[in-house]
file query_8.cif (mmCIF, C-alpha atoms and all ligand atoms)
data_my_file
#
loop_
_atom_site.label_atom_id
_atom_site.label_comp_id
_atom_site.auth_asym_id
_atom_site.auth_seq_id
_atom_site.Cartn_x
_atom_site.Cartn_y
_atom_site.Cartn_z
CA MET C 37 -15.16 21.62 -101.91
CA LYS C 38 -13.55 19.85 -104.84
CA GLN C 39 -14.82 20.61 -108.34
CA ASN C 40 -16.51 17.59 -109.94
CA LEU C 41 -15.20 17.56 -113.51
CA LEU C 42 -18.28 15.64 -114.73
CA ASP C 43 -20.14 18.94 -114.29
CA PHE C 44 -18.29 20.55 -117.22
CA ASP C 45 -18.81 20.17 -120.94
CA PHE C 46 -15.72 20.54 -123.20
CA GLN C 47 -15.95 24.32 -123.40
CA GLN C 48 -16.45 24.78 -119.67
CA LEU C 49 -13.58 22.42 -118.88
CA THR C 50 -11.32 24.40 -121.20
CA ALA C 51 -12.30 27.62 -119.42
CA TRP C 52 -11.73 25.99 -116.02
CA PHE C 53 -8.20 24.89 -116.96
CA ALA C 54 -7.49 28.41 -118.23
CA GLU C 55 -8.61 29.81 -114.86
CA GLN C 56 -6.16 27.44 -113.17
CA GLY C 57 -3.37 28.87 -115.36
CA GLU C 58 -3.19 25.66 -117.42
CA LYS C 59 -3.04 25.22 -121.19
CA PRO C 60 -6.41 24.73 -122.95
CA PHE C 61 -5.35 21.39 -124.49
CA ARG C 62 -5.37 19.89 -120.99
CA ALA C 63 -9.17 19.89 -121.23
CA ARG C 64 -9.05 17.63 -124.27
CA GLN C 65 -6.62 15.24 -122.57
CA VAL C 66 -8.65 15.02 -119.37
CA LEU C 67 -11.96 14.68 -121.22
CA ARG C 68 -10.56 11.73 -123.17
CA TRP C 69 -9.35 10.07 -119.98
CA ILE C 70 -12.74 10.46 -118.32
CA TYR C 71 -15.01 9.45 -121.18
CA LYS C 72 -12.92 7.43 -123.64
CA SER C 73 -10.97 5.51 -120.98
CA GLY C 74 -13.55 5.66 -118.17
CA GLU C 75 -10.86 6.85 -115.77
CA HIS C 76 -11.60 8.57 -112.47
CA ASP C 77 -8.16 8.45 -110.88
CA PHE C 78 -5.89 11.39 -111.77
CA ASP C 79 -2.82 9.26 -110.97
CA ALA C 80 -3.64 7.03 -113.94
CA MET C 81 -3.64 9.97 -116.39
CA SER C 82 -0.14 9.24 -117.56
CA ASP C 83 0.24 12.01 -120.14
CA LEU C 84 -0.36 14.75 -117.54
CA ALA C 85 2.68 16.16 -115.73
CA LYS C 86 3.01 14.81 -112.19
CA THR C 87 2.66 18.33 -110.74
CA LEU C 88 -0.63 18.82 -112.58
CA ARG C 89 -1.93 15.46 -111.36
CA GLU C 90 -1.08 16.43 -107.78
CA LYS C 91 -2.81 19.78 -108.23
CA LEU C 92 -5.92 18.13 -109.69
CA LYS C 93 -6.07 15.71 -106.77
CA GLN C 94 -6.24 18.70 -104.41
CA THR C 95 -8.84 20.72 -106.34
CA ALA C 96 -10.97 18.35 -108.40
CA CYS C 97 -12.69 14.97 -108.50
CA ILE C 98 -14.48 12.75 -111.04
CA GLN C 99 -17.53 11.50 -109.21
CA ALA C 100 -20.54 9.68 -110.69
CA PRO C 101 -23.56 9.08 -108.41
CA MET C 102 -23.13 6.13 -106.03
CA VAL C 103 -25.12 2.94 -106.57
CA MET C 104 -27.62 2.05 -103.85
CA ARG C 105 -29.19 -0.98 -105.48
CA GLU C 106 -28.99 -2.88 -108.72
CA GLU C 107 -31.27 -5.39 -110.37
CA THR C 108 -31.11 -7.57 -113.46
CA ALA C 109 -34.33 -8.59 -115.22
CA SER C 110 -34.99 -11.97 -116.76
CA ASP C 111 -34.50 -10.42 -120.23
CA GLY C 112 -31.04 -9.06 -119.32
CA THR C 113 -32.14 -5.47 -118.71
CA ARG C 114 -30.19 -3.84 -115.85
CA LYS C 115 -31.52 -1.21 -113.50
CA TRP C 116 -29.49 0.86 -111.05
CA LEU C 117 -30.79 3.02 -108.25
CA LEU C 118 -28.31 5.88 -107.94
CA ASP C 119 -27.95 8.05 -104.86
CA VAL C 120 -28.02 11.75 -105.71
CA GLY C 121 -27.92 12.94 -102.09
CA THR C 122 -30.37 14.65 -99.73
CA GLY C 123 -32.71 11.67 -99.64
CA ASN C 124 -33.09 11.40 -103.41
CA ALA C 125 -32.24 8.52 -105.69
CA VAL C 126 -32.90 8.13 -109.41
CA GLU C 127 -33.13 5.12 -111.67
CA THR C 128 -31.12 4.33 -114.80
CA VAL C 129 -31.92 1.41 -117.05
CA PHE C 130 -29.67 -0.38 -119.57
CA ILE C 131 -31.43 -2.33 -122.31
CA PRO C 132 -29.14 -4.68 -124.25
CA GLU C 133 -30.14 -5.69 -127.77
CA ASP C 134 -28.28 -7.56 -130.52
CA ASP C 135 -27.13 -4.47 -132.37
CA ARG C 136 -27.10 -1.80 -129.65
CA GLY C 137 -27.16 -1.00 -125.95
CA THR C 138 -29.62 1.69 -124.92
CA LEU C 139 -29.37 3.58 -121.67
CA CYS C 140 -32.54 5.22 -120.36
CA VAL C 141 -31.35 8.22 -118.34
CA SER C 142 -33.13 10.29 -115.66
CA THR C 143 -32.95 14.08 -115.67
CA GLN C 144 -34.85 15.09 -112.52
CA ALA C 145 -35.55 13.65 -109.06
CA GLY C 146 -39.29 13.17 -109.59
CA CYS C 147 -41.32 15.22 -112.06
CA ALA C 148 -43.50 18.28 -111.59
CA LEU C 149 -45.83 17.48 -114.47
CA ASP C 150 -47.98 14.65 -113.09
CA CYS C 151 -49.18 12.90 -116.24
CA SER C 152 -52.04 10.67 -115.14
CA PHE C 153 -50.44 7.38 -116.26
CA CYS C 154 -46.87 7.89 -114.99
CA ALA C 155 -45.37 6.49 -111.79
CA THR C 156 -42.64 9.15 -111.67
CA GLY C 157 -45.26 11.92 -111.70
CA LYS C 158 -47.01 10.37 -108.70
CA GLN C 159 -43.83 10.81 -106.67
CA GLY C 160 -43.89 14.59 -106.86
CA PHE C 161 -40.80 16.63 -107.54
CA ASN C 162 -37.63 17.40 -105.64
CA ARG C 163 -34.99 18.95 -107.90
CA ASN C 164 -33.17 19.04 -111.21
CA LEU C 165 -30.21 16.70 -111.57
CA THR C 166 -26.82 18.33 -112.12
CA THR C 167 -24.86 17.78 -115.33
CA ALA C 168 -22.57 15.42 -113.38
CA GLU C 169 -25.56 13.39 -112.19
CA ILE C 170 -26.92 13.08 -115.73
CA ILE C 171 -23.71 12.28 -117.63
CA GLY C 172 -22.60 10.29 -114.57
CA GLN C 173 -25.36 7.76 -115.32
CA VAL C 174 -23.75 7.03 -118.70
CA TRP C 175 -20.28 7.00 -117.15
CA TRP C 176 -21.43 4.60 -114.44
CA ALA C 177 -23.20 2.18 -116.80
CA ASN C 178 -20.18 2.01 -119.13
CA HIS C 179 -17.82 1.58 -116.18
CA GLU C 180 -19.95 -1.14 -114.63
CA LEU C 181 -20.62 -3.10 -117.82
CA GLY C 182 -17.10 -2.65 -119.24
CA LYS C 183 -15.92 -2.37 -122.85
CA GLY C 184 -16.81 -5.13 -125.28
CA ALA C 185 -14.32 -7.35 -127.14
CA ASP C 186 -14.34 -4.71 -129.92
CA GLY C 187 -13.00 -2.11 -127.47
CA ASN C 188 -16.24 -0.11 -127.59
CA TRP C 189 -18.40 1.00 -124.68
CA PRO C 190 -21.67 -0.94 -124.26
CA VAL C 191 -23.85 2.20 -124.22
CA THR C 192 -24.35 3.00 -127.91
CA ASN C 193 -27.68 4.89 -127.58
CA VAL C 194 -29.08 7.20 -124.94
CA VAL C 195 -32.74 8.09 -124.44
CA LEU C 196 -33.76 10.77 -121.93
CA MET C 197 -36.82 8.74 -120.96
CA GLY C 198 -36.08 8.03 -117.32
CA MET C 199 -37.42 10.07 -114.43
CA GLY C 200 -38.25 13.71 -115.09
CA GLU C 201 -38.98 16.13 -117.89
CA PRO C 202 -35.63 16.87 -119.59
CA LEU C 203 -36.68 20.21 -121.02
CA LEU C 204 -37.53 21.57 -117.57
CA ASN C 205 -33.85 21.05 -116.68
CA PHE C 206 -32.64 22.75 -119.81
CA GLU C 207 -29.09 23.95 -119.10
CA ASN C 208 -27.83 20.80 -117.36
CA VAL C 209 -29.45 18.53 -119.92
CA MET C 210 -27.87 20.49 -122.79
CA ASP C 211 -24.41 20.23 -121.18
CA ALA C 212 -24.84 16.50 -120.62
CA LEU C 213 -26.04 16.02 -124.23
CA SER C 214 -22.99 17.83 -125.53
CA LEU C 215 -20.75 15.40 -123.62
CA MET C 216 -22.65 12.43 -125.03
CA MET C 217 -22.17 13.73 -128.57
CA GLU C 218 -18.75 15.43 -128.31
CA ASP C 219 -16.02 13.60 -130.24
CA GLN C 220 -13.50 13.96 -127.40
CA ALA C 221 -16.03 12.45 -124.96
CA TYR C 222 -18.53 9.69 -125.93
CA GLY C 223 -18.93 10.84 -129.53
CA LEU C 224 -22.42 9.32 -129.99
CA SER C 225 -24.16 10.31 -133.20
CA LYS C 226 -27.11 12.70 -133.08
CA ARG C 227 -29.30 9.85 -134.28
CA ARG C 228 -28.43 7.82 -131.21
CA VAL C 229 -29.26 10.42 -128.58
CA THR C 230 -32.95 11.15 -128.05
CA ILE C 231 -34.68 13.73 -125.90
CA SER C 232 -38.21 12.72 -124.92
CA THR C 233 -40.53 15.56 -123.94
CA SER C 234 -44.11 15.89 -122.83
CA GLY C 235 -44.25 19.18 -124.73
CA VAL C 236 -42.56 22.15 -123.06
CA VAL C 237 -43.03 24.40 -126.09
CA PRO C 238 -40.79 27.38 -125.16
CA ALA C 239 -37.93 24.96 -124.48
CA ILE C 240 -38.46 23.11 -127.79
CA ASP C 241 -38.33 26.52 -129.48
CA ARG C 242 -34.90 27.13 -127.91
CA LEU C 243 -33.53 23.69 -128.67
CA LYS C 244 -32.10 24.48 -132.11
CA ASN C 245 -29.57 26.91 -130.60
CA HIS C 246 -28.15 24.24 -128.33
CA THR C 247 -28.30 20.76 -129.87
CA ASP C 248 -29.24 18.66 -132.88
CA ALA C 249 -30.17 15.54 -130.92
CA SER C 250 -33.19 13.45 -131.96
CA LEU C 251 -36.59 14.23 -130.52
CA ALA C 252 -39.47 12.10 -129.22
CA VAL C 253 -42.75 13.75 -128.28
CA SER C 254 -45.12 12.22 -125.74
CA LEU C 255 -48.48 12.87 -127.39
CA HIS C 256 -50.75 10.10 -126.02
CA ALA C 257 -54.00 11.60 -127.34
CA PRO C 258 -55.36 12.77 -130.69
CA ASN C 259 -57.22 15.81 -129.34
CA ASP C 260 -56.79 18.51 -126.70
CA GLU C 261 -59.73 17.42 -124.58
CA LEU C 262 -58.28 13.98 -123.92
CA ARG C 263 -54.66 15.19 -123.78
CA ASN C 264 -55.59 17.78 -121.14
CA GLU C 265 -56.64 14.85 -118.96
CA LEU C 266 -53.60 12.68 -119.56
CA VAL C 267 -50.79 15.21 -119.95
CA PRO C 268 -51.72 18.29 -117.89
CA ILE C 269 -49.07 20.50 -119.51
CA ASN C 270 -51.29 20.37 -122.61
CA ARG C 271 -53.57 22.93 -120.95
CA LYS C 272 -50.72 25.38 -121.23
CA TYR C 273 -49.27 24.26 -124.59
CA PRO C 274 -52.00 22.60 -126.68
CA ILE C 275 -51.37 20.13 -129.49
CA LYS C 276 -51.33 22.61 -132.35
CA GLU C 277 -48.65 24.75 -130.72
CA LEU C 278 -46.68 21.67 -129.79
CA LEU C 279 -46.62 20.28 -133.33
CA ARG C 280 -45.70 23.69 -134.73
CA SER C 281 -42.79 23.96 -132.31
CA VAL C 282 -41.54 20.43 -133.05
CA SER C 283 -41.68 21.08 -136.83
CA GLY C 284 -39.68 24.27 -136.25
CA TYR C 285 -36.92 22.25 -134.56
CA MET C 286 -36.90 19.45 -137.13
CA ASP C 287 -36.61 22.03 -139.95
CA THR C 288 -33.30 23.25 -138.54
CA LEU C 289 -31.66 19.81 -138.65
CA SER C 290 -29.26 19.17 -141.50
CA ASP C 291 -30.54 15.66 -142.24
CA ARG C 292 -33.98 14.26 -142.91
CA ARG C 293 -34.72 12.96 -139.43
CA VAL C 294 -38.30 12.91 -138.23
CA PRO C 295 -39.54 13.04 -134.64
CA VAL C 296 -41.00 10.01 -132.90
CA ILE C 297 -44.54 10.44 -131.63
CA GLU C 298 -44.96 8.40 -128.45
CA TYR C 299 -48.43 7.17 -127.64
CA THR C 300 -49.01 5.20 -124.46
CA LEU C 301 -52.03 2.96 -125.04
CA ILE C 302 -54.36 2.74 -122.04
CA ALA C 303 -57.34 0.36 -122.13
CA GLY C 304 -60.65 2.14 -122.52
CA VAL C 305 -59.03 5.59 -122.35
CA ASN C 306 -57.18 6.36 -125.60
CA ASP C 307 -57.02 3.01 -127.41
CA HIS C 308 -60.30 3.04 -129.35
CA ARG C 309 -60.24 2.64 -133.15
CA GLN C 310 -61.71 6.13 -133.38
CA HIS C 311 -58.68 7.52 -131.52
CA ALA C 312 -56.39 5.87 -134.07
CA ARG C 313 -58.34 7.36 -136.97
CA GLU C 314 -58.30 10.78 -135.33
CA LEU C 315 -54.55 10.50 -134.77
CA ALA C 316 -54.01 9.59 -138.42
CA VAL C 317 -55.83 12.77 -139.46
CA LEU C 318 -54.09 14.95 -136.88
CA LEU C 319 -50.61 13.94 -138.09
CA LYS C 320 -51.45 13.96 -141.81
CA ASP C 321 -49.09 16.85 -142.63
CA PHE C 322 -46.59 16.13 -139.89
CA PRO C 323 -43.73 13.84 -140.95
CA CYS C 324 -43.05 11.46 -138.05
CA LYS C 325 -42.79 7.89 -136.85
CA ILE C 326 -45.24 6.61 -134.29
CA ASN C 327 -44.21 4.50 -131.32
CA LEU C 328 -47.03 2.82 -129.43
CA ILE C 329 -46.23 2.02 -125.79
CA PRO C 330 -48.62 -0.41 -124.11
CA PHE C 331 -49.35 1.03 -120.65
CA ASN C 332 -47.12 -0.39 -117.92
CA PRO C 333 -49.08 -0.84 -114.69
CA PHE C 334 -47.87 0.37 -111.29
CA ALA C 335 -49.27 0.34 -107.77
CA LEU C 336 -50.96 3.76 -107.61
CA SER C 337 -52.79 3.48 -110.93
CA ASP C 338 -56.11 1.94 -111.92
CA TYR C 339 -55.32 2.10 -115.64
CA ARG C 340 -54.94 -1.13 -117.54
CA ARG C 341 -52.89 -2.27 -120.53
CA PRO C 342 -55.03 -2.95 -123.63
CA SER C 343 -55.35 -6.49 -124.99
CA SER C 344 -52.91 -7.46 -127.72
CA SER C 345 -55.75 -7.47 -130.24
CA SER C 346 -56.69 -3.86 -129.52
CA ILE C 347 -53.02 -2.86 -129.69
CA SER C 348 -52.70 -4.52 -133.08
CA ASN C 349 -55.98 -2.99 -134.35
CA PHE C 350 -54.75 0.46 -133.34
CA ARG C 351 -51.44 -0.17 -135.06
CA GLN C 352 -53.11 -1.50 -138.19
CA ILE C 353 -55.27 1.61 -138.65
CA LEU C 354 -52.20 3.86 -138.50
CA HIS C 355 -50.22 1.54 -140.72
CA GLU C 356 -52.96 1.55 -143.34
CA ALA C 357 -53.00 5.35 -143.18
CA GLY C 358 -49.34 5.25 -144.28
CA TYR C 359 -47.47 5.74 -141.00
CA THR C 360 -44.38 3.90 -139.84
CA VAL C 361 -45.55 2.44 -136.55
CA THR C 362 -43.64 0.45 -133.97
CA VAL C 363 -44.98 -1.11 -130.80
CA ARG C 364 -42.53 -0.90 -127.92
CA THR C 365 -41.95 -4.33 -126.51
CA THR C 366 -42.36 -4.26 -122.79
CA ARG C 367 -39.08 -5.13 -121.19
CA ALA C 368 -38.07 -5.69 -117.64
CA ASP C 369 -41.38 -5.03 -115.96
CA ASP C 370 -40.41 -7.81 -113.55
CA ILE C 371 -38.00 -5.30 -111.96
CA GLY C 372 -40.19 -2.21 -112.48
CA ALA C 373 -37.87 -0.88 -115.18
CA ALA C 374 -40.34 -0.51 -118.04
CA CYS C 375 -41.37 2.94 -119.35
CA GLY C 376 -43.14 4.99 -116.73
CA GLN C 377 -42.40 2.57 -113.89
CA LEU C 378 -39.27 4.36 -112.71
CA VAL C 379 -39.68 5.76 -109.25
CA GLY C 380 -36.33 5.99 -107.44
CA GLU C 381 -36.64 7.82 -104.17
CA VAL C 382 -37.84 11.40 -104.19
CA GLY C 383 -37.85 13.81 -101.25
CA ASP C 384 -41.05 15.28 -102.65
CA ASN C 385 -41.30 19.07 -102.31
CA THR C 386 -44.84 19.18 -103.66
CA ARG C 387 -46.58 16.88 -101.14
CA ARG C 388 -48.12 15.20 -104.17
CA SER C 389 -46.75 11.75 -103.36
CA GLN C 390 -48.31 11.88 -99.90
CA ARG C 391 -51.68 12.88 -101.37
CA TYR C 392 -51.57 9.95 -103.80
CA ARG C 393 -50.63 7.55 -101.01
CA ASP C 394 -53.42 8.93 -98.82
CA ALA C 395 -55.89 8.62 -101.70
CA ALA C 396 -54.81 5.01 -102.30
CA GLU C 397 -55.22 4.25 -98.60
CA VAL C 398 -58.72 5.77 -98.62
CA GLN C 399 -59.60 3.72 -101.67
CA LYS C 400 -58.26 0.52 -100.11
CA ASP C 401 -60.16 1.29 -96.95
CA ASN C 402 -63.35 1.97 -98.90
CA GLU C 403 -62.95 -1.25 -100.87
CA SER C 404 -62.62 -3.28 -97.72
CA ARG C 405 -65.61 -1.49 -96.19
CA SER C 406 -67.64 -2.17 -99.27
CA ASN C 407 -66.67 -5.85 -99.15
CA LEU C 408 -67.73 -5.79 -95.54
CA GLU C 409 -70.99 -4.12 -96.49
CA GLN C 410 -71.74 -6.86 -98.99
CA ASN C 411 -71.25 -9.29 -96.15
CA ASN C 412 -73.22 -7.05 -93.84
CA GLU C 413 -75.11 -9.80 -92.16
CA THR C 414 -71.95 -11.54 -91.17
CA ALA C 415 -70.24 -8.30 -90.19
CA ALA C 416 -73.21 -7.21 -88.14
CA GLN C 417 -73.36 -10.59 -86.50
CA VAL C 418 -69.68 -10.40 -85.66
CA THR C 419 -69.46 -6.79 -84.50
CA GLY C 420 -73.01 -6.00 -83.60
CA LYS C 421 -72.77 -2.86 -85.77
CA ARG C 422 -74.21 -2.22 -89.23
CA PHE C 423 -72.05 -0.42 -91.77
CA SER C 424 -73.82 2.20 -93.82
CA ARG C 425 -73.02 3.31 -97.34
CA ALA C 426 -72.43 6.84 -96.00
CA ASP C 427 -69.25 5.60 -94.31
CA ASN C 428 -67.81 4.98 -97.74
CA LEU C 429 -68.45 8.52 -98.86
CA ALA C 430 -67.00 10.21 -95.82
CA VAL C 431 -63.66 11.20 -97.39
CA ALA C 432 -63.36 12.97 -100.71
CA ILE C 433 -60.25 12.23 -102.75
CA ASP C 434 -58.16 15.33 -103.17
CA ARG C 435 -56.98 16.10 -106.70
CA PRO C 436 -53.45 17.49 -106.78
CA PRO C 437 -53.02 21.07 -107.99
CA ARG C 438 -52.09 21.76 -111.59
CA PRO C 439 -48.36 22.07 -112.10
CA SER C 440 -46.90 25.52 -112.58
CA VAL C 441 -44.53 25.50 -115.53
N1 LIG B 501 -40.84 13.37 -119.25
C1 LIG B 501 -40.52 12.86 -120.52
C2 LIG B 501 -39.57 11.68 -120.49
C3 LIG B 501 -39.80 10.64 -119.44
S1 LIG B 501 -41.23 9.63 -119.63
C4 LIG B 501 -41.78 12.53 -121.31
O1 LIG B 501 -42.86 12.55 -120.74
O2 LIG B 501 -41.66 12.31 -122.50
C5 LIG B 501 -40.75 8.55 -120.97
C6 LIG B 501 -41.91 7.94 -121.73
O3 LIG B 501 -42.59 6.95 -120.95
C7 LIG B 501 -42.95 8.95 -122.13
O4 LIG B 501 -43.38 8.78 -123.45
C8 LIG B 501 -44.05 8.64 -121.17
O5 LIG B 501 -45.26 9.12 -121.62
C9 LIG B 501 -44.00 7.14 -121.07
N2 LIG B 501 -44.70 6.60 -119.91
C10 LIG B 501 -44.88 7.19 -118.71
N3 LIG B 501 -45.59 6.39 -117.89
C11 LIG B 501 -45.88 5.26 -118.59
C12 LIG B 501 -46.55 4.04 -118.26
N4 LIG B 501 -47.05 3.83 -117.06
N5 LIG B 501 -46.64 3.10 -119.22
C13 LIG B 501 -46.09 3.30 -120.43
N6 LIG B 501 -45.44 4.42 -120.80
C14 LIG B 501 -45.32 5.39 -119.87
FE1 LIG B 502 -43.11 13.69 -116.04
FE2 LIG B 502 -42.79 12.44 -118.40
FE3 LIG B 502 -43.91 11.18 -116.28
FE4 LIG B 502 -45.25 13.13 -117.53
S1 LIG B 502 -44.63 11.15 -118.41
S2 LIG B 502 -45.06 12.87 -115.30
S3 LIG B 502 -43.59 14.52 -118.06
S4 LIG B 502 -41.81 11.90 -116.42
#
call {"tool": "encode", "arguments": {"input": "query_8.cif", "output": "C-alpha cells", "more": "lines below"}}
Ligand code: SAH
Ligand code: SF4
result
Amino acid sequence: MKQNLLDFDFQQLTAWFAEQGEKPFRARQVLRWIYKSGEHDFDAMSDLAKTLREKLKQTACIQAPMVMREETASDGTRKWLLDVGTGNAVETVFIPEDDRGTLCVSTQAGCALDCSFCATGKQGFNRNLTTAEIIGQVWWANHELGKGADGNWPVTNVVLMGMGEPLLNFENVMDALSLMMEDQAYGLSKRRVTISTSGVVPAIDRLKNHTDASLAVSLHAPNDELRNELVPINRKYPIKELLRSVSGYMDTLSDRRVPVIEYTLIAGVNDHRQHARELAVLLKDFPCKINLIPFNPFALSDYRRPSSSSISNFRQILHEAGYTVTVRTTRADDIGAACGQLVGEVGDNTRRSQRYRDAAEVQKDNESRSNLEQNNETAAQVTGKRFSRADNLAVAIDRPPRPSV
C-alpha cells in the first residue's frame, strides 16, 4: 500500500525520506508543495528530480478524505461530510467572517464520552481519525475554497470542536497540530489553533511537552453534582482537578494567553442566575475568558435553548463580576452545522446509538399512546379496546453505560 504523506509531520517526513535514501531537505520541499501550494500531484513538484517524482508516484500518495456531501448555509457557512472509510464519515465546518475563516475540525468518528447535550455523543464511537484524516480536513477546505486575492489560504483559524474528544486521540491530534502550526506547512499562529476538551486531565497534563496551542475547556456547570450529569467524564476528573491541570498548562506558555471556558446554556438545567453566580465564584482565581454557547437542539434531545433574556441575564452577572464574556452566535443550524449538531456517519462500536434510537422510538410510541389514551372514548369506540396507563410503563428506558476512559 502507498504511504499517505499527510500522515507525517515534518520530523516524520524527514525520517521517511532518510529511510528512502533521500536527502532530508526533500521533506521541506515536499511539505511546502503539499501545504503551501495545496498540491497533491507529484508531477507538479517541479523542483524535485524527475527520478524522485517517479519513485514517489510508486511508493506514496497525498490523499485527503473524499467528500460525500456538501452543504452551504444561508449565512455562508459550509459543511462537508467526509468519507473516512469502513462506513464512517465525519463533518467539517468552515465559518467565514470578515476578518478570518475558521475551520471546525473533527478528531474522532463519534465520541465515547456521551455528554448529555451533544449529538455526536449520541452516535456512539467507532475510532480515532488518523493524522491524514485530521490535517486532510484543513487541506480539503483550503483546496476547495481556493486562495484569496491576497494569495492566502481561506482557513486562518482552526478549532478542534467538531466530532470527538481531541485529547482521547492524543498522538494523531498532536501530529496534525504540528502541521497546522509548522512554518513549512500552514504556519498558523498558536493563538489561531484551539484544542477544545471536555476535561481529560492526564492528557492536559501531557500537553505542554507536545504543543503550545490555545485551549478551550468545556465546563458547562459550576459544580461537580451538575457537571457529573452533563459531562460524565467529570466523575473521573472533577472540576478542581480539571482547573488545576489547565492552569498547569497555561503556566508553561510563553505569552499571557488565557483558556476559554465554554458553557453551553440549557434552559432550566444550568442557566439559572444562581448558576452564573456560582460560576463567578468558582473561577475567581482562574484567569480565563468565558464563552456562552446557547444550546443547539437536535432530534434525540429534549433539552431546550434558553430565551434570549435568560442568556443575557446570565452574561450580565458574569460581566458584572469582572469576566470577559462572549455569547457564541448560532450559525448554520439550518444545515445542522452548529456546535454539537455534528453527526456524520458512525459505525458505532458501543451500541449506544441504537439504544438512543430505541429509547426515542419508545418515547414516541408512548406519546402517541398517551394521546390515544386522552382520546380513549374515541379510541375505544374505534377499536373496541381500552388502553390502560400500564401499557405506557411497559418498557423502561435503558441508560447507556458510563464511558471507560
Ligand atoms: N469533545 C470536545 C470538542 C467537541 S464539542 C469538547 O467537548 O470540548 C465542541 C463544543 O460544542 C463543546 O464545548 C461542546 O460542549 C459543545 N456542544 C456540544 N453539544 C452542543 C449542543 N447541542 N449545543 C451547543 N453546544 C454544544
Ligand atoms: Fe464528546 Fe465533546 Fe460531544 Fe462530549 S461534547 S460527547 S466530549 S464531542
call {"tool": "residues_near_ligand", "arguments": {"input": "query_8.cif", "ligand": "ligand LIG 502 (chain B)", "cutoff": "10 Å", "atoms": "all atoms listed in the file", "output": "PDB file with C-alpha atoms, keeping the file's coordinate frame"}}
result
ATOM      1  CA  SER C 142     -33.130  10.290-115.660  1.00  0.00           C
ATOM      2  CA  THR C 143     -32.950  14.080-115.670  1.00  0.00           C
ATOM      3  CA  GLN C 144     -34.850  15.090-112.520  1.00  0.00           C
ATOM      4  CA  ALA C 145     -35.550  13.650-109.060  1.00  0.00           C
ATOM      5  CA  GLY C 146     -39.290  13.170-109.590  1.00  0.00           C
ATOM      6  CA  CYS C 147     -41.320  15.220-112.060  1.00  0.00           C
ATOM      7  CA  ALA C 148     -43.500  18.280-111.590  1.00  0.00           C
ATOM      8  CA  LEU C 149     -45.830  17.480-114.470  1.00  0.00           C
ATOM      9  CA  ASP C 150     -47.980  14.650-113.090  1.00  0.00           C
ATOM     10  CA  CYS C 151     -49.180  12.900-116.240  1.00  0.00           C
ATOM     11  CA  SER C 152     -52.040  10.670-115.140  1.00  0.00           C
ATOM     12  CA  PHE C 153     -50.440   7.380-116.260  1.00  0.00           C
ATOM     13  CA  CYS C 154     -46.870   7.890-114.990  1.00  0.00           C
ATOM     14  CA  ALA C 155     -45.370   6.490-111.790  1.00  0.00           C
ATOM     15  CA  THR C 156     -42.640   9.150-111.670  1.00  0.00           C
ATOM     16  CA  GLY C 157     -45.260  11.920-111.700  1.00  0.00           C
ATOM     17  CA  LYS C 158     -47.010  10.370-108.700  1.00  0.00           C
ATOM     18  CA  GLN C 159     -43.830  10.810-106.670  1.00  0.00           C
ATOM     19  CA  GLY C 160     -43.890  14.590-106.860  1.00  0.00           C
ATOM     20  CA  PHE C 161     -40.800  16.630-107.540  1.00  0.00           C
ATOM     21  CA  LEU C 196     -33.760  10.770-121.930  1.00  0.00           C
ATOM     22  CA  MET C 197     -36.820   8.740-120.960  1.00  0.00           C
ATOM     23  CA  GLY C 198     -36.080   8.030-117.320  1.00  0.00           C
ATOM     24  CA  MET C 199     -37.420  10.070-114.430  1.00  0.00           C
ATOM     25  CA  GLY C 200     -38.250  13.710-115.090  1.00  0.00           C
ATOM     26  CA  GLU C 201     -38.980  16.130-117.890  1.00  0.00           C
ATOM     27  CA  PRO C 202     -35.630  16.870-119.590  1.00  0.00           C
ATOM     28  CA  LEU C 203     -36.680  20.210-121.020  1.00  0.00           C
ATOM     29  CA  LEU C 204     -37.530  21.570-117.570  1.00  0.00           C
ATOM     30  CA  SER C 232     -38.210  12.720-124.920  1.00  0.00           C
ATOM     31  CA  THR C 233     -40.530  15.560-123.940  1.00  0.00           C
ATOM     32  CA  SER C 234     -44.110  15.890-122.830  1.00  0.00           C
ATOM     33  CA  GLY C 235     -44.250  19.180-124.730  1.00  0.00           C
ATOM     34  CA  VAL C 236     -42.560  22.150-123.060  1.00  0.00           C
ATOM     35  CA  VAL C 253     -42.750  13.750-128.280  1.00  0.00           C
ATOM     36  CA  SER C 254     -45.120  12.220-125.740  1.00  0.00           C
ATOM     37  CA  LEU C 255     -48.480  12.870-127.390  1.00  0.00           C
ATOM     38  CA  HIS C 256     -50.750  10.100-126.020  1.00  0.00           C
ATOM     39  CA  LEU C 266     -53.600  12.680-119.560  1.00  0.00           C
ATOM     40  CA  VAL C 267     -50.790  15.210-119.950  1.00  0.00           C
ATOM     41  CA  PRO C 268     -51.720  18.290-117.890  1.00  0.00           C
ATOM     42  CA  ILE C 269     -49.070  20.500-119.510  1.00  0.00           C
ATOM     43  CA  THR C 300     -49.010   5.200-124.460  1.00  0.00           C
ATOM     44  CA  CYS C 375     -41.370   2.940-119.350  1.00  0.00           C
ATOM     45  CA  GLY C 376     -43.140   4.990-116.730  1.00  0.00           C
ATOM     46  CA  GLN C 377     -42.400   2.570-113.890  1.00  0.00           C
ATOM     47  CA  LEU C 378     -39.270   4.360-112.710  1.00  0.00           C
ATOM     48  CA  VAL C 379     -39.680   5.760-109.250  1.00  0.00           C
TER      49      VAL C 379
END
call {"tool": "axis_aligned_box", "arguments": {"input": "query_8.cif", "around": "ligand LIG 501 (chain B)", "padding_each_side": "3 Å", "output": "lines of an AutoDock Vina configuration file"}}
result
center_x = -43.3
center_y = 8.2
center_z = -120.3
size_x = 13.5
size_y = 16.3
size_z = 12.4
call {"tool": "residues_near_point", "arguments": {"input": "query_8.cif", "point": "(-52.3, 10.6, -127.8)", "cutoff": "12 Å", "atoms": "only C-alpha atoms", "output": "PyMOL selection string"}}
result
chain C and resi 234+253-267+270+275+297-302+305-308+310-316+318-319+326-329+350
call {"tool": "residues_around", "arguments": {"input": "query_8.cif", "residues": "range 279-294 of chain C", "least_positions_apart": "4", "cutoff": "7 Å", "atoms": "only C-alpha atoms", "output": "CSV table (one decimal) with C-alpha atoms, in the coordinates of the input"}}
result
chain,number,residue,atom,x,y,z
C,237,VAL,CA,-43.0,24.4,-126.1
C,240,ILE,CA,-38.5,23.1,-127.8
C,241,ASP,CA,-38.3,26.5,-129.5
C,243,LEU,CA,-33.5,23.7,-128.7
C,244,LYS,CA,-32.1,24.5,-132.1
C,248,ASP,CA,-29.2,18.7,-132.9
C,275,ILE,CA,-51.4,20.1,-129.5
C,323,PRO,CA,-43.7,13.8,-141.0
C,324,CYS,CA,-43.0,11.5,-138.0
C,325,LYS,CA,-42.8,7.9,-136.8
